[in-house]
Structures are given as C-alpha cells and as structure tokens.
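Down below is the structure, laid out as structure tokens.
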Amino acid sequence: MGLEDWGSLLLRVALALIFLHGAWVSSRSAEARTHLVTATAPVFQWRPDLFAGAGVVMAGVAGLSLLLGIFPRLGALLMAVFLVPAAMIHFGLWRRAVALKQSIVRGLGGHSVSGLRDEVEELGASAAVGNMTSALKNLALIGPALYLALAGGREPMLIGFGQDWHLQGLLTRF
C-alpha cells in the first residue's frame, strides 16, 4: 500500500466514524428520534418522519460501506448526497436558535434576575454557533466524500470499484 492508499483509508475511516456516530446519536432513544423529526420538518415538510428515518439509514449505510470497504465509492457518493439536506437542516436550526434567544430575551423585559439575561444570551449564542458550524462542516465534508466517490477506489476493501471502475478487493481474489 502506498501513501495515497493509506490516506484514502484514513479518510474513509474518519468519515465512517463521523457518520456512524451521527446515525447512532440520532436514533438511540425516542427523545433523539423526536428531536430529529422536529429538526427535519422545516426542510422536509411532507412526512418529516420518513425523511428523518431515511437520513439515519443513509448515514448508517454510508458509514458502514466506508468502514468495511464494501463498495466504498458508492457509500461516499451516498454521503455527499446526504450532506446537502443535512446542512440545510442545521441552517434551519441556527435560525431557530437565534429566534428563540431573541424571544426569551424580549420576554424577560428590562428586569432579569441575577444575570439571567446574560446567561440566556450566552446559551442562545452557543446554540446558534453550534448549528452554524455543523452546517458548514456538512458542506465542507462534501469535498472529501466526493473525492472518495471519484478517486478513492483504493485498497484495502472487501469489494468495490477500483480506480479503473472494475471490481476489486479481497472478495474478488477467491
């Protein structure tokens, strides 16, 4: 294995772990699933539960594909497709955090108890920044995902399309 193979493998593993963690966190409890559907609803107004579930499945399948080396180029393409609406959802959550913060601060009026207004401002700013950076992270990850989809058919993998788009991998050697 050359340096490019090691780099591709490292990139595959890193992206896989990000996606598998996201799929797990989004589906681990009823509360997490409810939050996911609520966050998905502004972007996918028709059946947000369906789209939220499909997103979790896409993230899980794409992550496993890259991690295990089972058609990783297709898994990376699935990741790139997933990342666009995921960024849109986080941009929506950013707008929601800003609006909630402003609404709460207005509700406090001029009278706040022992720095409550400052604490609400800090909490709201933190939520807004977190969602903005998550949206930008999703957009930034499109590049590595597309690299793996277009040029990342490298060993080691169980089975997938190599750089020449022919099947290769450990399972093709039997």
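Residue numbering restarts at 1 for every chain of the structure tokens, chains are lettered A, B, ... in their displayed order, and ligands are numbered from 1 as they appear.
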
| request: Please provide as a PyMOL selection string all residues within 7 Å of stretch 68-79 of chain A, with the sequence filter that same-chain residues fewer than 4 positions apart are discarded (counting only C-alpha atoms). | output: chain A and resi 58-59+62+64+83+145-146+148-149+152-153+157-161

| message | Between A:Arg47, A:His21, A:His35, A:Arg12, which residue has the minimum interatomic distance to A:Leu141, considering only C-alpha atoms? | response |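 For A:Leu141, the nearest of the given residues is A:Arg12.
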
| query | Restricting the calculation to only C-alpha atoms, which member of A:Pro48, A:Gly143, A:Pro156, A:Gly22 is positioned closest to A:Gly169? | reply |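 Among the listed residues, A:Pro156 lies closest to A:Gly169.
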
| note | One decimal place gives the atom CA of A:Ser8-atom CA of A:Ile142 separation as 15.0 Å
